[in-house]
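J.: Compact mmCIF, C-alpha atoms (C1' of nucleotides), file model_8.txt:
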```txt
# COMPACT_ATOMS: atom_id res chain seq x y z
CA MET P 1 16.04 14.81 24.23
CA GLN P 2 17.42 16.43 21.10
CA GLN P 3 20.35 14.06 21.52
CA SER P 4 18.24 11.23 20.11
CA LEU P 5 17.68 13.26 16.95
CA PHE P 6 21.43 13.85 16.71
CA ASP P 7 21.99 10.12 17.23
CA PHE P 8 19.60 9.39 14.37
CA ILE P 9 21.32 11.83 12.00
CA GLU P 10 24.76 10.65 13.04
CA GLN P 11 23.98 7.20 11.72
CA TYR P 12 24.59 8.90 8.39
CA ILE P 13 26.81 11.96 8.87
CA ILE P 14 28.77 13.15 11.89
CA LEU P 15 27.48 16.55 12.95
CA THR P 16 29.74 19.53 13.69
CA GLU P 17 29.05 21.67 16.74
CA GLU P 18 27.90 24.43 14.41
CA GLU P 19 25.38 22.14 12.76
CA LYS P 20 24.09 20.92 16.13
CA LYS P 21 23.67 24.49 17.29
CA CYS P 22 21.74 25.31 14.10
CA ILE P 23 19.33 22.45 14.74
CA THR P 24 18.96 23.34 18.42
CA ASP P 25 18.22 26.96 17.52
CA LEU P 26 15.30 25.87 15.36
CA ASP P 27 13.43 25.00 18.57
CA ILE P 28 11.54 22.09 17.07
CA PHE P 29 11.02 19.79 20.04
CA ARG P 30 7.55 19.27 21.44
CA SER P 31 6.09 17.10 24.16
CA VAL P 32 2.58 15.82 23.42
CA LYS P 33 0.03 13.99 25.56
CA LYS P 34 -1.68 10.74 24.63
CA GLY P 35 -4.84 11.43 22.66
CA THR P 36 -3.67 14.77 21.26
CA LEU P 37 -4.69 15.38 17.66
CA LEU P 38 -1.62 16.64 15.78
CA LEU P 39 -3.52 17.01 12.52
CA SER P 40 -7.24 17.07 11.68
CA GLU P 41 -9.25 16.92 8.50
CA GLY P 42 -9.44 20.29 6.78
CA GLN P 43 -6.22 21.71 8.22
CA CYS P 44 -3.51 22.91 5.85
CA SER P 45 -0.58 22.03 8.08
CA ARG P 46 3.00 22.62 6.93
CA SER P 47 4.45 20.45 9.68
CA SER P 48 6.45 17.27 9.27
CA ILE P 49 6.79 15.16 12.39
CA PHE P 50 9.64 13.00 13.60
CA VAL P 51 9.01 10.74 16.61
CA LEU P 52 11.75 10.74 19.26
CA LYS P 53 9.79 8.85 21.89
CA GLY P 54 6.28 7.43 22.06
CA LEU P 55 3.88 6.42 19.34
CA ILE P 56 1.66 8.28 16.90
CA ARG P 57 -0.89 7.04 14.43
CA THR P 58 -2.33 8.24 11.12
CA PHE P 59 -5.90 7.57 10.10
CA TYR P 60 -8.72 8.69 7.84
CA ILE P 61 -12.40 8.90 8.61
CA VAL P 62 -14.39 7.13 5.89
CA ASP P 63 -18.17 6.89 6.28
CA GLY P 64 -17.81 7.93 9.90
CA GLU P 65 -15.31 5.19 10.60
CA GLU P 66 -11.63 5.49 11.51
CA LYS P 67 -9.27 3.75 9.11
CA THR P 68 -5.81 3.50 10.65
CA THR P 69 -3.14 3.50 7.95
CA GLU P 70 0.14 3.64 9.86
CA PHE P 71 1.88 3.77 13.22
CA TYR P 72 5.04 5.80 13.73
CA ALA P 73 7.28 4.89 16.66
CA GLU P 74 10.73 5.99 17.79
CA MET P 75 12.98 7.24 14.97
CA GLU P 76 10.22 7.28 12.38
CA GLY P 77 8.81 10.33 10.68
CA ILE P 78 5.81 11.46 8.68
CA SER P 79 5.26 14.31 6.30
CA PRO P 80 1.52 14.44 5.63
CA PRO P 81 0.32 14.95 2.04
CA CYS P 82 -0.97 18.47 2.75
CA VAL P 83 2.60 19.70 3.39
CA LEU P 84 3.50 19.14 -0.24
CA SER P 85 0.09 19.54 -1.87
CA GLY P 86 -0.98 22.61 0.10
CA LEU P 87 -4.51 21.18 0.07
CA PRO P 88 -6.68 20.72 3.20
CA SER P 89 -5.77 17.50 4.93
CA GLU P 90 -7.92 14.39 4.75
CA LEU P 91 -5.50 12.70 7.10
CA TYR P 92 -5.62 12.73 10.90
CA ILE P 93 -2.58 12.27 13.11
CA SER P 94 -3.06 11.40 16.73
CA CYS P 95 -0.94 10.49 19.71
CA VAL P 96 -1.31 6.87 20.84
CA GLU P 97 1.10 7.34 23.76
CA ASP P 98 2.63 10.37 25.45
CA ALA P 99 5.35 11.37 23.00
CA MET P 100 8.34 13.55 22.29
CA ILE P 101 8.40 14.73 18.71
CA SER P 102 10.20 17.21 16.55
CA VAL P 103 8.16 19.39 14.24
CA SER P 104 9.64 21.08 11.18
CA ASP P 105 8.35 22.80 8.05
CA PRO P 106 9.67 23.35 4.50
CA GLY P 107 10.87 26.85 5.42
CA MET P 108 13.15 25.53 8.15
CA GLU P 109 14.40 22.84 5.84
CA SER P 110 15.45 25.20 3.06
CA GLU P 111 17.12 27.42 5.66
CA VAL P 112 19.19 24.47 6.88
CA PHE P 113 19.91 23.32 3.30
CA ARG P 114 21.20 26.81 2.50
CA LYS P 115 23.51 26.87 5.51
CA PHE P 116 24.64 23.26 5.21
CA PRO P 117 24.18 21.84 1.72
CA ARG P 118 25.16 18.34 2.78
CA PHE P 119 21.87 18.17 4.67
CA GLU P 120 20.01 18.30 1.39
CA SER P 121 22.15 15.44 0.13
CA LEU P 122 21.30 13.48 3.28
CA CYS P 123 17.61 14.24 2.83
CA ARG P 124 17.71 13.04 -0.76
CA ILE P 125 19.24 9.76 0.34
CA LEU P 126 16.84 9.37 3.26
CA SER P 127 13.78 10.06 1.17
CA GLU P 128 14.95 7.64 -1.51
CA GLN P 129 15.40 5.01 1.17
CA LEU P 130 12.01 5.79 2.67
CA LEU P 131 10.40 5.62 -0.76
CA SER P 132 11.97 2.23 -1.41
CA LYS P 133 10.91 0.95 2.01
CA ASN P 134 7.41 2.31 1.57
CA GLN P 135 7.08 0.59 -1.79
CA CYS P 136 8.22 -2.69 -0.25
CA ASN P 137 5.67 -2.35 2.54
CA PHE P 138 2.97 -1.59 -0.01
CA ASP P 139 3.96 -4.65 -2.02
CA THR P 140 3.91 -6.83 1.09
CA TYR P 141 0.47 -5.52 1.99
CA LYS P 142 -0.86 -6.14 -1.51
CA THR P 143 0.44 -9.68 -1.67
CA SER P 144 -0.85 -10.74 1.78
CA SER P 145 -4.15 -11.74 3.33
CA PRO P 146 -5.29 -10.21 6.64
CA GLU P 147 -4.14 -13.39 8.41
CA GLN P 148 -0.69 -13.19 6.81
CA ARG P 149 -0.48 -9.51 7.66
CA TYR P 150 -1.31 -10.29 11.29
CA LEU P 151 1.37 -12.98 11.44
CA HIS P 152 3.80 -10.60 9.77
CA LEU P 153 3.02 -7.96 12.40
CA LEU P 154 3.46 -10.53 15.16
CA LYS P 155 6.91 -11.32 13.79
CA ASN P 156 8.19 -7.88 12.85
CA ARG P 157 6.44 -5.28 15.02
CA SER P 158 5.14 -7.28 17.96
CA ASP P 159 5.66 -4.24 20.20
CA LEU P 160 2.60 -2.71 18.52
CA LEU P 161 0.39 -5.53 19.83
CA ASN P 162 0.94 -4.28 23.36
CA ARG P 163 1.00 -0.58 22.63
CA VAL P 164 -2.08 -0.27 20.44
CA PRO P 165 -5.82 -0.98 21.07
CA GLN P 166 -7.17 -4.00 19.18
CA HIS P 167 -9.66 -2.05 17.08
CA GLN P 168 -6.89 0.22 15.78
CA LEU P 169 -4.77 -2.82 14.95
CA ALA P 170 -7.72 -4.44 13.17
CA SER P 171 -8.24 -1.34 11.08
CA TYR P 172 -4.52 -1.28 10.31
CA LEU P 173 -4.76 -4.88 9.09
CA GLY P 174 -7.71 -3.91 6.90
CA ILE P 175 -10.43 -5.73 8.85
CA LYS P 176 -13.05 -5.12 11.57
CA PRO P 177 -12.29 -5.68 15.28
CA GLN P 178 -14.68 -8.66 15.33
CA SER P 179 -12.78 -10.25 12.47
CA LEU P 180 -9.47 -9.79 14.28
CA SER P 181 -10.89 -11.48 17.37
CA ARG P 182 -12.10 -14.37 15.22
CA LEU P 183 -8.83 -14.54 13.30
CA ARG P 184 -6.89 -14.80 16.54
CA ALA P 185 -9.24 -17.49 17.85
CA ARG P 186 -8.79 -19.40 14.59
CA LEU P 187 -5.02 -19.25 14.85
CA VAL P 188 -5.02 -20.51 18.45
CA LYS P 189 -7.21 -23.43 17.40
CA LYS P 190 -4.94 -24.20 14.42
CA LYS P 191 -1.84 -24.27 16.59
CA LYS P 192 -3.22 -27.06 18.85
CA MET N 193 13.22 10.28 -27.99
CA GLN N 194 15.42 11.76 -25.30
CA GLN N 195 13.45 14.93 -25.86
CA SER N 196 10.60 13.49 -23.81
CA LEU N 197 13.00 13.02 -20.88
CA PHE N 198 14.10 16.63 -21.26
CA ASP N 199 10.45 17.67 -21.38
CA PHE N 200 9.84 15.83 -18.14
CA ILE N 201 12.80 17.43 -16.38
CA GLU N 202 11.95 20.86 -17.76
CA GLN N 203 8.64 20.79 -15.90
CA TYR N 204 10.89 21.53 -12.93
CA ILE N 205 14.12 23.19 -14.12
CA ILE N 206 15.11 24.56 -17.52
CA LEU N 207 18.11 22.64 -18.80
CA THR N 208 21.23 24.30 -20.22
CA GLU N 209 22.77 22.90 -23.40
CA GLU N 210 25.66 21.65 -21.29
CA GLU N 211 23.32 19.73 -19.03
CA LYS N 212 21.47 18.24 -21.97
CA LYS N 213 24.74 17.12 -23.51
CA CYS N 214 25.76 15.52 -20.21
CA ILE N 215 22.53 13.51 -20.12
CA THR N 216 22.80 12.56 -23.78
CA ASP N 217 26.38 11.39 -23.26
CA LEU N 218 25.25 8.97 -20.56
CA ASP N 219 23.69 6.86 -23.33
CA ILE N 220 20.79 5.63 -21.20
CA PHE N 221 18.04 5.12 -23.77
CA ARG N 222 16.85 1.63 -24.57
CA SER N 223 14.13 0.17 -26.74
CA VAL N 224 12.51 -2.98 -25.34
CA LYS N 225 10.06 -5.45 -26.83
CA LYS N 226 6.78 -6.51 -25.24
CA GLY N 227 7.31 -9.48 -22.95
CA THR N 228 10.95 -8.68 -22.18
CA LEU N 229 11.94 -9.30 -18.56
CA LEU N 230 13.87 -6.26 -17.34
CA LEU N 231 14.47 -7.76 -13.89
CA SER N 232 14.14 -11.30 -12.55
CA GLU N 233 14.18 -12.86 -9.11
CA GLY N 234 17.71 -13.35 -7.82
CA GLN N 235 19.33 -10.59 -9.89
CA CYS N 236 21.24 -7.81 -8.11
CA SER N 237 20.45 -5.09 -10.60
CA ARG N 238 21.66 -1.53 -10.09
CA SER N 239 19.34 -0.14 -12.72
CA SER N 240 16.56 2.35 -12.21
CA ILE N 241 14.08 2.64 -15.05
CA PHE N 242 12.14 5.60 -16.37
CA VAL N 243 9.42 4.95 -18.94
CA LEU N 244 9.40 7.30 -21.94
CA LYS N 245 6.89 5.34 -23.99
CA GLY N 246 5.00 2.10 -23.47
CA LEU N 247 4.07 0.25 -20.32
CA ILE N 248 5.96 -1.90 -17.84
CA ARG N 249 4.77 -3.89 -14.88
CA THR N 250 6.24 -5.07 -11.58
CA PHE N 251 5.25 -8.34 -9.95
CA TYR N 252 6.30 -10.98 -7.46
CA ILE N 253 5.90 -14.72 -7.71
CA VAL N 254 4.29 -16.03 -4.51
CA ASP N 255 3.49 -19.75 -4.30
CA GLY N 256 4.03 -20.03 -8.04
CA GLU N 257 1.59 -17.25 -8.74
CA GLU N 258 2.25 -13.82 -10.23
CA LYS N 259 1.20 -10.92 -8.00
CA THR N 260 1.20 -7.69 -9.99
CA THR N 261 1.96 -4.73 -7.73
CA GLU N 262 2.26 -1.79 -10.09
CA PHE N 263 2.13 -0.51 -13.66
CA TYR N 264 4.46 2.21 -14.91
CA ALA N 265 3.44 4.17 -17.99
CA GLU N 266 4.80 7.25 -19.74
CA MET N 267 6.76 9.61 -17.48
CA GLU N 268 6.81 7.22 -14.53
CA GLY N 269 9.87 5.60 -13.03
CA ILE N 270 10.84 2.71 -10.78
CA SER N 271 13.93 2.05 -8.73
CA PRO N 272 13.66 -1.57 -7.56
CA PRO N 273 14.51 -2.36 -3.91
CA CYS N 274 17.68 -4.27 -4.88
CA VAL N 275 19.27 -1.04 -6.19
CA LEU N 276 19.39 0.40 -2.69
CA SER N 277 19.56 -2.79 -0.65
CA GLY N 278 22.12 -4.58 -2.82
CA LEU N 279 20.25 -7.81 -2.07
CA PRO N 280 19.06 -10.26 -4.76
CA SER N 281 15.75 -9.08 -6.19
CA GLU N 282 12.45 -10.69 -5.30
CA LEU N 283 10.76 -8.35 -7.75
CA TYR N 284 10.23 -8.96 -11.45
CA ILE N 285 9.87 -6.20 -14.01
CA SER N 286 8.41 -6.98 -17.39
CA CYS N 287 7.36 -5.14 -20.50
CA VAL N 288 3.60 -5.08 -21.07
CA GLU N 289 3.96 -3.17 -24.36
CA ASP N 290 6.89 -2.37 -26.64
CA ALA N 291 8.59 0.46 -24.77
CA MET N 292 11.25 3.14 -24.79
CA ILE N 293 12.91 3.47 -21.42
CA SER N 294 15.91 5.14 -19.88
CA VAL N 295 18.11 3.09 -17.60
CA SER N 296 20.40 4.68 -15.03
CA ASP N 297 22.39 3.56 -12.01
CA PRO N 298 23.63 5.20 -8.77
CA GLY N 299 27.09 5.73 -10.28
CA MET N 300 25.72 7.82 -13.14
CA GLU N 301 23.57 9.74 -10.72
CA SER N 302 26.45 10.75 -8.45
CA GLU N 303 28.46 11.75 -11.52
CA VAL N 304 25.67 14.06 -12.65
CA PHE N 305 25.16 15.40 -9.10
CA ARG N 306 28.87 16.24 -8.94
CA LYS N 307 28.80 18.13 -12.23
CA PHE N 308 25.44 19.80 -11.67
CA PRO N 309 24.51 20.01 -7.98
CA ARG N 310 21.07 21.37 -8.71
CA PHE N 311 20.17 17.94 -10.07
CA GLU N 312 20.53 16.52 -6.59
CA SER N 313 18.21 19.20 -5.30
CA LEU N 314 15.71 18.28 -8.01
CA CYS N 315 16.03 14.60 -7.13
CA ARG N 316 15.38 15.33 -3.46
CA ILE N 317 12.22 17.21 -4.36
CA LEU N 318 11.10 14.54 -6.83
CA SER N 319 11.66 11.69 -4.42
CA GLU N 320 9.85 13.55 -1.64
CA GLN N 321 6.93 14.05 -4.00
CA LEU N 322 7.02 10.42 -5.08
CA LEU N 323 7.13 9.30 -1.46
CA SER N 324 4.13 11.43 -0.62
CA LYS N 325 2.23 10.17 -3.65
CA ASN N 326 3.15 6.60 -2.89
CA GLN N 327 1.92 6.95 0.69
CA CYS N 328 -1.37 8.38 -0.57
CA ASN N 329 -1.80 5.49 -2.97
CA PHE N 330 -1.03 3.04 -0.18
CA ASP N 331 -3.60 4.74 2.04
CA THR N 332 -6.21 4.64 -0.72
CA TYR N 333 -5.52 0.95 -1.27
CA LYS N 334 -5.78 0.19 2.46
CA THR N 335 -9.06 2.02 2.87
CA SER N 336 -10.78 0.49 -0.18
CA SER N 337 -12.45 -2.78 -1.08
CA PRO N 338 -11.58 -4.55 -4.37
CA GLU N 339 -14.78 -3.17 -5.87
CA GLN N 340 -13.90 0.39 -4.83
CA ARG N 341 -10.36 -0.09 -6.16
CA TYR N 342 -11.79 -1.23 -9.50
CA LEU N 343 -14.08 1.79 -9.71
CA HIS N 344 -11.18 4.03 -8.71
CA LEU N 345 -9.09 2.53 -11.52
CA LEU N 346 -11.96 3.00 -13.96
CA LYS N 347 -12.05 6.67 -13.03
CA ASN N 348 -8.37 7.51 -12.74
CA ARG N 349 -6.40 5.13 -14.93
CA SER N 350 -8.95 3.81 -17.36
CA ASP N 351 -6.25 3.56 -20.04
CA LEU N 352 -4.91 0.53 -18.14
CA LEU N 353 -8.17 -1.36 -18.72
CA ASN N 354 -7.41 -1.44 -22.44
CA ARG N 355 -3.67 -1.89 -22.21
CA VAL N 356 -3.44 -4.69 -19.64
CA PRO N 357 -4.75 -8.30 -19.62
CA GLN N 358 -7.59 -8.90 -17.16
CA HIS N 359 -5.72 -11.39 -15.03
CA GLN N 360 -2.92 -8.88 -14.42
CA LEU N 361 -5.47 -6.23 -13.53
CA ALA N 362 -7.21 -8.63 -11.16
CA SER N 363 -3.94 -9.37 -9.42
CA TYR N 364 -3.24 -5.64 -9.22
CA LEU N 365 -6.62 -5.16 -7.51
CA GLY N 366 -5.76 -7.93 -5.05
CA ILE N 367 -8.19 -10.54 -6.33
CA LYS N 368 -8.35 -13.55 -8.72
CA PRO N 369 -9.34 -13.17 -12.38
CA GLN N 370 -12.57 -15.08 -11.71
CA SER N 371 -13.48 -12.63 -8.97
CA LEU N 372 -12.84 -9.69 -11.26
CA SER N 373 -15.14 -11.19 -13.90
CA ARG N 374 -17.79 -11.70 -11.26
CA LEU N 375 -17.27 -8.22 -9.82
CA ARG N 376 -17.73 -6.69 -13.26
CA ALA N 377 -20.87 -8.73 -13.87
CA ARG N 378 -22.20 -7.61 -10.49
CA LEU N 379 -21.60 -3.95 -11.33
CA VAL N 380 -23.36 -4.23 -14.69
CA LYS N 381 -26.36 -5.80 -12.98
CA LYS N 382 -26.40 -3.09 -10.29
CA LYS N 383 -26.39 -0.33 -12.87
CA LYS N 384 -29.63 -1.53 -14.48
C1' DT X 385 -3.80 -20.77 -41.90
C1' DG X 386 -4.41 -24.06 -38.50
C1' DA X 387 -3.13 -25.73 -34.10
C1' DT X 388 -1.97 -24.60 -29.58
C1' DT X 389 -1.74 -21.91 -25.83
C1' DT X 390 -3.44 -18.17 -23.23
C1' DT X 391 -7.17 -15.58 -21.72
C1' DC X 392 -11.83 -14.67 -20.13
C1' DT X 393 -16.18 -15.99 -18.36
C1' DT X 394 -19.57 -18.75 -15.89
C1' DA X 395 -21.01 -21.91 -12.33
C1' DA X 396 -21.19 -24.57 -7.91
C1' DC X 397 -19.17 -24.95 -3.66
C1' DT X 398 -15.96 -23.36 0.27
C1' DT X 399 -13.91 -20.03 3.20
C1' DA X 400 -13.35 -15.80 5.49
C1' DA X 401 -14.65 -11.13 6.26
C1' DG X 402 -18.76 -7.82 7.15
C1' DT X 403 -22.91 -6.90 9.97
C1' DG X 404 -25.82 -6.45 13.90
C1' DA X 405 -26.47 -7.68 18.42
C1' DA X 406 -25.48 -9.16 23.04
C1' DC X 407 -22.61 -9.21 27.05
C1' DG X 408 -18.73 -8.88 30.16
C1' DT X 409 -14.59 -5.95 31.09
C1' DT X 410 -11.86 -1.98 31.26
C1' DT X 411 -11.13 2.88 31.25
C1' DC X 412 -11.97 7.42 32.44
C1' DG X 413 -14.10 11.51 33.92
C1' DA X 414 -17.47 13.83 36.94
C1' DT A 415 -15.81 5.99 43.60
C1' DC A 416 -19.62 5.55 40.83
C1' DG A 417 -21.62 5.50 36.31
C1' DA A 418 -21.11 6.03 31.46
C1' DA A 419 -18.58 5.19 27.64
C1' DA A 420 -15.31 2.59 25.17
C1' DC A 421 -13.38 -1.84 24.33
C1' DG A 422 -13.01 -6.84 23.31
C1' DT A 423 -15.17 -11.16 22.43
C1' DT A 424 -18.66 -14.30 20.81
C1' DC A 425 -22.57 -15.68 17.91
C1' DA A 426 -25.77 -16.08 13.94
C1' DC A 427 -26.43 -14.53 9.54
C1' DT A 428 -24.98 -12.15 5.05
C1' DT A 429 -21.84 -11.04 1.49
C1' DA A 430 -17.96 -11.42 -1.37
C1' DA A 431 -13.70 -13.56 -2.53
C1' DG A 432 -11.12 -18.23 -3.19
C1' DT A 433 -11.22 -22.74 -5.46
C1' DT A 434 -12.03 -26.06 -8.87
C1' DA A 435 -13.68 -27.09 -13.19
C1' DA A 436 -15.36 -26.44 -17.79
C1' DG A 437 -15.98 -24.27 -22.03
C1' DA A 438 -15.78 -20.21 -25.31
C1' DA A 439 -12.96 -16.57 -27.31
C1' DA A 440 -8.68 -14.47 -28.48
C1' DA A 441 -3.80 -14.33 -29.31
C1' DT A 442 0.39 -16.53 -30.85
C1' DC A 443 3.36 -18.77 -33.78
C1' DA A 444 5.13 -22.49 -36.58
```
Could I get this file's structure written as C-alpha cells?
T.:
Amino acid sequence: MQQSLFDFIEQYIILTEEEKKCITDLDIFRSVKKGTLLLSEGQCSRSSIFVLKGLIRTFYIVDGEEKTTEFYAEMEGISPPCVLSGLPSELYISCVEDAMISVSDPGMESEVFRKFPRFESLCRILSEQLLSKNQCNFDTYKTSSPEQRYLHLLKNRSDLLNRVPQHQLASYLGIKPQSLSRLRARLVKKKK
Amino acid sequence: MQQSLFDFIEQYIILTEEEKKCITDLDIFRSVKKGTLLLSEGQCSRSSIFVLKGLIRTFYIVDGEEKTTEFYAEMEGISPPCVLSGLPSELYISCVEDAMISVSDPGMESEVFRKFPRFESLCRILSEQLLSKNQCNFDTYKTSSPEQRYLHLLKNRSDLLNRVPQHQLASYLGIKPQSLSRLRARLVKKKK
DNA sequence: TGATTTTCTTAACTTAAGTGAACGTTTCGA
DNA sequence: TCGAAACGTTCACTTAAGTTAAGAAAATCA
C-alpha cells in the first residue's frame, strides 16, 4: 500500500532504501470506512491527508446546509487550514468511499526535512505546483457558469459522476440538487 | 524601495548584509505606469511579480470579454501559470495604478537557493501558506452569492472599492456591471 | 478646453437558479 | 425483511442575474 506513495514521490525523485525506511517508520498509513468523518468543525487537527485509494470530500456547513468544496481522489492531498492557522476548523472532511490514506503532521515533516533536506526542496516544488493548479481551478470556476462547470466536470473528472451522490455534486457545482436535475434535463433536450 | 521587500522578508527571517546585497544585485525592481500590460495572452513569460506599491490585476478574455480574477496590492505576489507550465499564457496581467514591482524568474530563484539554502525553506513555508490561503478564498467564493461576496469585499478589502473601476469589480464578483449597480441599489433600499 | 471615449446607472424583458412541495426510488439499519 | 430515512426528479412560483438599450457623468487626451 505504501508502495503507491513511493510511486507518487518517485515521479519526482528516486528514493533510496534509507529514505523509504524513514517514511515506513513514520507509520502514517490508515484505512478508513466510507462515511467516516476525518475532520469536524471545531477540531484543531494537525493532520494533512494524502489519498492513496478511495475518495474523500471537504465541505462546510453554512446555515445548516452542507457546501461541498472539493473531492480528493487517488494521489491527491489536502492540508486543512487549521493545520497552518492553529485555529478551530470550520472545514469538514469525510470519506465518500472506503479509502486508504496517509496522515502526517508538521512535526513529522520537519523531522524528515532534517534527515533528508532534498525532501524540503521537493515539497517547495510540489506546493508551488499545487498553488498554481489551485489558482487555475479557481480562475476556471470564476469564469464559468454552473452549466459550463458541469460540462467541464463531465469532460475532465467524469469518474466523479459515478462515485459521488448527485446532491454533493450539485453543491460542488454551486447549485441546489433540484437545479442540477433541471440543468441535466435541459442539456438532454438541447442535444436532440 | 527595495527596503519594502526586505521588510516583507524580515517578517519571517532577519536578513544578513550579504543576503541583502545578493537580492539587490539581482536588479529586480521595476516601475510601471497605470495601464501597462505586464503579461498578454500567448506570451510564455518566466516572470513572477511581487507588488511593492500600487495595484495590479489579473484577467482572462472569454468570448471577447474581460473576466477579472484577482487584484494584487502591496506585499502580494503572483506567479502566472505559464511560469511553471511553460505553455503560452491565457492570463493577462495589467497595472491598475502606477506601481513599483519586483520581477523574478526561476533561474534567479535557484541561484539564490544555492547561495542561501534557508531561502528555499522560507519559500516552501510561504507557498504552503499561500496555498492554504488561496484554498480558503476559493472556498469562501464557492459558498457565497454575489451579494455576499460584495459585502465580504466591503468588509475585508474596502480599499479596492475606491481603487478599482466598477466594471472590473463586478467581473471580480462574478457578475455584470449592470447587476452590480442593481445589487448596490438593492442593498441601499434594504438598509432603510 | 472641448470632444471623444469610457464608465456608471436605470429600465424593461429574458433566462436560470432558489424555494417549497410532492412523489417514486434507493439505501440502510433494526 | 420491513420500515424509515435519504435521495433524485419534477413542478409551480419567486428571486436575482443576463441582455439590450439609452442616457448621464467622469476621465482622457489632442
J.: Please identify all polymer residues within 10 Å of DA420 in chain A, counting only C-alpha atoms (C1' of nucleotides), omitting same-chain residues fewer than 4 positions from it, and present them as a list in words.
T.: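 After dropping sequence-adjacent residues, the list is DT410, DT411 and DC412 of chain X.
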J.: Go ahead and compute the interatomic distance for CA of Ile23 in chain P and CA of Leu37 in chain P, in Å to one decimal.
T.: 25.2 Å
J.: Which residue out of X:DA395, X:DA414, X:DA400, X:DC407 has the minimum interatomic distance to DA431 in chain A when only C-alpha atoms (C1' of nucleotides) are used?
T.: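 The closest residue to DA431 in chain A is X:DA400.
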J.: Sort by chain and increasing residue number a table of all residues of chain A within 9 Å of chain P, each with its closest pair of atoms and their distance in Å to one decimal, counting only C-alpha atoms (C1' of nucleotides), and write it as a tab-separated table.
T.:
```
residue	atom	partner	partner_atom	distance
A:DC421	C1'	P:His167	CA	8.2
A:DG422	C1'	P:Gln166	CA	7.7
A:DT423	C1'	P:Ser181	CA	6.6
A:DT424	C1'	P:Arg182	CA	8.6
```
J.: Name all residues at most 10 Å from DG417 in chain A (count all atoms listed in the file; drop same-chain ones fewer than 2 positions away) and give them as a count of residues only.
T.: 4
J.: Using all atoms listed in the file, which chain X residues lie at most 8 Å away from chain N, written as a list in words?
T.: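 In the required form, that comes to DT391, DC392 and DT393 of chain X.
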J.: If you take only C-alpha atoms and a cut-off of 8 Å, which residues of chain P touch chain N, and what are their nearest atom pairs and distances in Å to one decimal, in chain and number order, as a Markdown table?
T.:
```
| residue | atom | partner | partner_atom | distance |
| --- | --- | --- | --- | --- |
| P:Val62 | CA | N:Thr335 | CA | 8.0 |
| P:Lys67 | CA | N:Thr335 | CA | 6.5 |
| P:Thr69 | CA | N:Asp331 | CA | 6.1 |
| P:Ser79 | CA | N:Ser324 | CA | 7.6 |
| P:Pro80 | CA | N:Ser324 | CA | 7.4 |
| P:Pro81 | CA | N:Ser324 | CA | 5.8 |
| P:Leu84 | CA | N:Gln321 | CA | 7.2 |
| P:Glu120 | CA | N:Ser313 | CA | 7.0 |
| P:Ser121 | CA | N:Glu312 | CA | 7.0 |
| P:Cys123 | CA | N:Arg316 | CA | 6.8 |
| P:Arg124 | CA | N:Arg316 | CA | 4.2 |
| P:Ile125 | CA | N:Arg316 | CA | 7.8 |
| P:Ser127 | CA | N:Glu320 | CA | 6.0 |
| P:Glu128 | CA | N:Ser319 | CA | 6.0 |
| P:Gln129 | CA | N:Leu276 | CA | 7.2 |
| P:Leu130 | CA | N:Leu323 | CA | 7.3 |
| P:Leu131 | CA | N:Leu323 | CA | 5.0 |
| P:Ser132 | CA | N:Pro273 | CA | 5.8 |
| P:Lys133 | CA | N:Pro273 | CA | 7.7 |
| P:Asn134 | CA | N:Gln327 | CA | 7.2 |
| P:Gln135 | CA | N:Asn326 | CA | 7.3 |
| P:Cys136 | CA | N:Pro273 | CA | 7.3 |
| P:Phe138 | CA | N:Phe330 | CA | 6.1 |
| P:Asp139 | CA | N:Thr261 | CA | 6.1 |
| P:Lys142 | CA | N:Gly366 | CA | 6.3 |
| P:Thr143 | CA | N:Lys259 | CA | 6.5 |
| P:Gly174 | CA | N:Lys334 | CA | 6.3 |
```
J.: Could you write out the selected residues, including C-alpha atoms, as an mmCIF file, in the coordinates of the input?
T.:
```cif
data_model
loop_
_atom_site.group_PDB
_atom_site.id
_atom_site.type_symbol
_atom_site.label_atom_id
_atom_site.label_comp_id
_atom_site.auth_asym_id
_atom_site.auth_seq_id
_atom_site.Cartn_x
_atom_site.Cartn_y
_atom_site.Cartn_z
ATOM 1 C CA VAL P 62 -14.390 7.130 5.890
ATOM 2 C CA LYS P 67 -9.270 3.750 9.110
ATOM 3 C CA THR P 69 -3.140 3.500 7.950
ATOM 4 C CA SER P 79 5.260 14.310 6.300
ATOM 5 C CA PRO P 80 1.520 14.440 5.630
ATOM 6 C CA PRO P 81 0.320 14.950 2.040
ATOM 7 C CA LEU P 84 3.500 19.140 -0.240
ATOM 8 C CA GLU P 120 20.010 18.300 1.390
ATOM 9 C CA SER P 121 22.150 15.440 0.130
ATOM 10 C CA CYS P 123 17.610 14.240 2.830
ATOM 11 C CA ARG P 124 17.710 13.040 -0.760
ATOM 12 C CA ILE P 125 19.240 9.760 0.340
ATOM 13 C CA SER P 127 13.780 10.060 1.170
ATOM 14 C CA GLU P 128 14.950 7.640 -1.510
ATOM 15 C CA GLN P 129 15.400 5.010 1.170
ATOM 16 C CA LEU P 130 12.010 5.790 2.670
ATOM 17 C CA LEU P 131 10.400 5.620 -0.760
ATOM 18 C CA SER P 132 11.970 2.230 -1.410
ATOM 19 C CA LYS P 133 10.910 0.950 2.010
ATOM 20 C CA ASN P 134 7.410 2.310 1.570
ATOM 21 C CA GLN P 135 7.080 0.590 -1.790
ATOM 22 C CA CYS P 136 8.220 -2.690 -0.250
ATOM 23 C CA PHE P 138 2.970 -1.590 -0.010
ATOM 24 C CA ASP P 139 3.960 -4.650 -2.020
ATOM 25 C CA LYS P 142 -0.860 -6.140 -1.510
ATOM 26 C CA THR P 143 0.440 -9.680 -1.670
ATOM 27 C CA GLY P 174 -7.710 -3.910 6.900
#
```
J.: For CA of Gln43 in chain P and CA of Asp25 in chain P, determine how far apart the two atoms are, in Å to one decimal place.
T.: 26.7 Å
J.: Just give me the residues with any atom within 9 Å of (-24.9, -7.7, -5.0), file coordinates, counting all atoms listed in the file, written as a PyMOL selection string.
T.: (chain N and resi 378-379+381-382) or (chain A and resi 429-430)
J.: Can you tell me how far CA of Leu279 in chain N sits from CA of Cys236 in chain N, in Å to one decimal?
T.: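 Distance between the two atoms: 6.1 Å.
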J.: Show which residues sit within 12 Å of DA396 in chain X, as number ranges by chain. Count all atoms listed in the file, and ignore same-chain residues fewer than 3 positions away.
T.: A: 433-436
